[in-house]
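*Asks:* Have a look at this one.
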Amino acid sequence: MFGFYDEDSESEYTEDISKLDKESDLYQRVKKVIDDEIAPALAADGGSVDLLGMDGTTAVVHLLGACAHCPSATITLQYGVQSMLEEAIPEITAVRRA
């Protein structure tokens, strides 16, 4: 599953996501923060974020909707998503897009 994300084919990402952790306690806690706090904030601007899995203490996400192609997506990821996750879950060391 390599390639660039295409809205018509949600199975394509820039990396192989099959090896990401989707079972751990850390994954569950990150998913809860994303679902309860971050996604609703992004939805106000027409976007969203999906947690694809964890790579150690790095959350691997996919930006959706208006966020997917926004020129400010990198800023949103670093100063929005990552900072909120780090504040809520100190174990998080990074957030990256798949």
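Residues in the structure tokens are numbered from 1 in each chain, the chains being A, B, ... in the order shown, and ligands are numbered from 1 in the order shown.
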List as a list in words the protein and nucleic acid residues near Thr58 of chain A, meaning an atom at most 10 Å away when only C-alpha atoms are counted, but skip any in the same chain fewer than 3 places from it.
*Replies:*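 Everything that qualifies: Tyr27, Gly53, Met54, Asp55, Val61, Gln82, Glu91, Ile92, Thr93, Ala94, Val95 and Arg96 of chain A.
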*Asks:* Grab the residues selected above and save them as a PDB file, in the first residue's frame with C-alpha atoms.
*Replies:*
ATOM      1  CA  TYR A  27      -3.260   3.936  20.529  1.00  0.00           C
ATOM      2  CA  GLY A  53      -1.867   3.816  14.015  1.00  0.00           C
ATOM      3  CA  MET A  54       1.135   4.242  16.252  1.00  0.00           C
ATOM      4  CA  ASP A  55       4.793   3.845  15.330  1.00  0.00           C
ATOM      5  CA  VAL A  61      -2.413  10.328  10.978  1.00  0.00           C
ATOM      6  CA  GLN A  82       0.732  17.404  17.780  1.00  0.00           C
ATOM      7  CA  GLU A  91       4.379   9.939  25.982  1.00  0.00           C
ATOM      8  CA  ILE A  92       3.698  11.234  22.464  1.00  0.00           C
ATOM      9  CA  THR A  93       6.947  12.359  20.860  1.00  0.00           C
ATOM     10  CA  ALA A  94       5.765  13.167  17.338  1.00  0.00           C
ATOM     11  CA  VAL A  95       2.891  13.155  14.877  1.00  0.00           C
ATOM     12  CA  ARG A  96       3.359  12.500  11.183  1.00  0.00           C
TER      13      ARG A  96
END
*Asks:* For Leu20 of chain A, please output as a list in words all residues within 9 Å (counting only C-alpha atoms; exclusion window: fewer than 2 positions along the same chain).
*Replies:*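 The contact residues come out as Asp16, Ile17, Ser18, Lys22, Leu52, Gly53, Met54, Asp55, Gly56 and Val60 of chain A.
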*Asks:* Using only C-alpha atoms, which of the listed residues (A:Lys19, A:Leu85, A:Gly46, A:Arg97) sits closest to Lys32 of chain A?
*Replies:*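 Result for the nearest residue to Lys32 of chain A: A:Leu85.
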*Asks:* Determine which residues of chain A DSSP labels as strand (DSSP E) from the backbone of this structure, then write them out as a list in words.
*Replies:*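 Output for chain A, strand (DSSP E) only: Gly47, Ser48, Val49, Asp50, Leu51, Leu52, Gly53, Met54, Asp55, Thr58, Ala59, Val60, Val61, His62, Leu63, Leu64, Gly65, Ala94, Val95, Arg96 and Arg97 of chain A.
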*Asks:* Just list as a ChimeraX atom specification whatever in segment 33-68 of chain A DSSP marks as alpha helix (DSSP H).
*Replies:* /A:33,39-43
*Asks:* Restricting the calculation to only C-alpha atoms: of A:Lys31, A:Ala68, A:Thr57, A:Ala41, which residue gets closest to Gly80 of chain A?
*Replies:* A:Ala41
*Asks:* Between A:Ala88, A:Val33, A:Leu77, A:Ala98, which is the closest to Gly47 of chain A once you count only C-alpha atoms?
*Replies:*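 With only C-alpha atoms as the atom set, the closest residue is A:Leu77.
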